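**Student:** Dropping a structure here in C-alpha cells format, bear with me for questions.
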Amino acid sequence: MSTVTTTKPHAPATAPRGSSQGPVGEGRIGLRANLRHIGALVRRNVLQIKQDPESMFDVLFMPIIFTLLFVFVFGGAISGKGNQADYVNYVVPGLMAMMGMNIAMAVGTGVNDDFKKGVMDRFRSMPIARSSVLLAKIVVEIGRMMVAIGILLTVGFILGLSIKTSVLDLFLAIGLSAIFGASLMWIFILLGLTMKTAQAVQGMAMLVLMPLQFGSSIFAPPSTMPGWLQSFTDYNPLSNLADAARGLINGGPVAHSVWMTLGWSVAITAITMPLAIRKFRQKT
C-alpha cells in the first residue's frame with residue numbers, strides 16, 4: 001500500500017513591510033544627505049562655469065555698461081548737467097535691484113536648456129531630492145549675483161559713490177538684494193520648466209522685466225511720473241527694494257521698504273517654489 005504525500009504550495013514571497021519598489025523618494029532623504037547633494041550639484045555647476053567662462057560675461061560686463069550708460073545718459077537730465085556724481089548715489093542702489101532680476105532671467109533659460117540636453121533627466125533618475133537640483137542652481141546664481149553687485153559697487157565708487165551710513169548697512173542692502181533676487185529666480189525657473197524653448201523664456205521674461213524695471217524708482221524719482229504710473233510704482237517690488245537699498249546706503253527711513261521687500265520675497269517664494277519643484281518632477 002503506497003502512501004501519497006502532498007506538499008503545501010509555498011506562498012509567494014512578499015516584500016518586507018516598508019520596502020519600496022520604486023526609486024528612492026525625496027521624503028526618505030535626510031537633511032544632511034540633502035545638503036550634501038546640494039553641495040555636490042553646486043560644485044558641478046561651478047565647474048561647468050569654469051569650463052565655459054563666457055557664461056560669466058553678463059555678470060562681468062552688465063554692471064559696468066549699465067552704470068556708465070545710465071549715469072552719463074540720464075544723470076545730467078535728472079540731476080542737472082555736471083551733477084552726475086549726485087545721480088550715482090541715486091542709481092547705483094537701484095541697479096542692485098536690477099542685477100538680481102536680470103541674472104534671475106538667465107536661470108530660467110539655463111534650466112530650459114538643461115532639459116533640452118537631457119541633463120535634468122539624468123538628475124531625476126538619481127536617488128536625490130528633486131529640490132536639491134533647483135536649490136543648487138539658486139545657490140550658484142546668488143554667487144554670480146554677488147560678483148555682479150561687487151563690480152557694480154566698484155564702478156560706483158570710481159564714479160563717486162559714497163556710503164553715508166555704515167559698512168554694515170551696505171552689507172544689509174546687498175543681503176536684501178540677494179534675498180529678493182533668489183525669490184525672483186523661482187519665477188524664472190518655473191518659466192524655464194513651462195516654456196518650450198529658451199527663446200520663449202527670454203521673450204516672456206522681457207515682457208515682465210521691462211515694465212517692472214522702468215516703471216519703478218530705479219532710474220528716476222516717481223514724483224516726476226504721471227499719477228497713474230506713480231500708483232504702479234508704489235506697489236512695484238523693485239521700487240521697494242531700490243528704496244530700501246537707497247535708504248541703507250544714503251540714509252533715511254527704510255523700515256517700510258525693507259519689510260515690503262521681505263514680504264514680497266516670502267510671498268513669491270512660497271507660491272513659485274512648490275510649483276517649480278512640482279513641475280520639475282512632472283516634466284517629460
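Simple scheme: letters A, B, ... for chains in C-alpha cells order, numbers from 1 for residues in each chain, numbers from 1 for ligands in the order shown.
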Pick out the residues sitting within 9 Å of Leu275 of chain A, and hand them over as number ranges by chain; count only C-alpha atoms, and ignore anything fewer than 4 positions along from it in its own chain.

**Tutor:** A: 186, 190, 271, 279-280

**Student:** Which residues come within 9 Å of Glu141 of chain A, counting only C-alpha atoms, excluding same-chain residues fewer than 3 positions away, as a PyMOL selection string?

**Tutor:** chain A and resi 103-104+106-107+136-138+144-146+182+185

**Student:** Rounded to one decimal in Å, what is the spacing between atom CA of Met56 of chain A and atom CA of Ala148 of chain A?

**Tutor:**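 So the answer is 9.5 Å.
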
**Student:** Please return as a ChimeraX atom specification: the residues of segment 72-262 of chain A that backbone DSSP assigns to helix (DSSP H, G or I).

**Tutor:** /A:72-73,75-79,84-117,119-124,130-159,167-194,198-214,222-224,227-235,237-250,255-262

**Student:** Which residues are close to Phe214 of chain A, i.e. within 10 Å by only C-alpha atoms, leaving aside same-chain residues fewer than 6 positions away? Reply as a ChimeraX atom specification.

**Tutor:** /A:220,233,238-239

**Student:** Print the selection's residues with N, CA, C and O atoms to a file, as a short mmCIF file (atom, residue, chain, number, x, y, z; two decimals), in the first residue's frame.

**Tutor:**
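The file below, part33.cif, is the result:
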```cif
data_model
loop_
_atom_site.label_atom_id
_atom_site.label_comp_id
_atom_site.auth_asym_id
_atom_site.auth_seq_id
_atom_site.Cartn_x
_atom_site.Cartn_y
_atom_site.Cartn_z
N ALA A 220 14.62 106.91 -11.88
CA ALA A 220 14.13 108.28 -11.71
C ALA A 220 13.17 108.34 -10.54
O ALA A 220 12.46 107.35 -10.26
N THR A 233 4.11 102.35 -9.42
CA THR A 233 5.45 102.35 -8.83
C THR A 233 5.40 102.07 -7.33
O THR A 233 6.27 101.38 -6.80
N LEU A 238 10.24 96.10 -7.16
CA LEU A 238 11.56 96.64 -7.47
C LEU A 238 11.75 98.03 -6.88
O LEU A 238 12.85 98.40 -6.46
N SER A 239 10.67 98.82 -6.84
CA SER A 239 10.75 100.14 -6.20
C SER A 239 11.03 100.00 -4.72
O SER A 239 11.83 100.74 -4.14
#
```

**Student:** Applying 7 Å and only C-alpha atoms, which residues near segment 198-207 of chain A remain after dropping the ones on its own chain fewer than 4 positions away? List them as a VMD selection string.

**Tutor:** chain A and resid 105 108 to 109 112 to 113 191 to 192
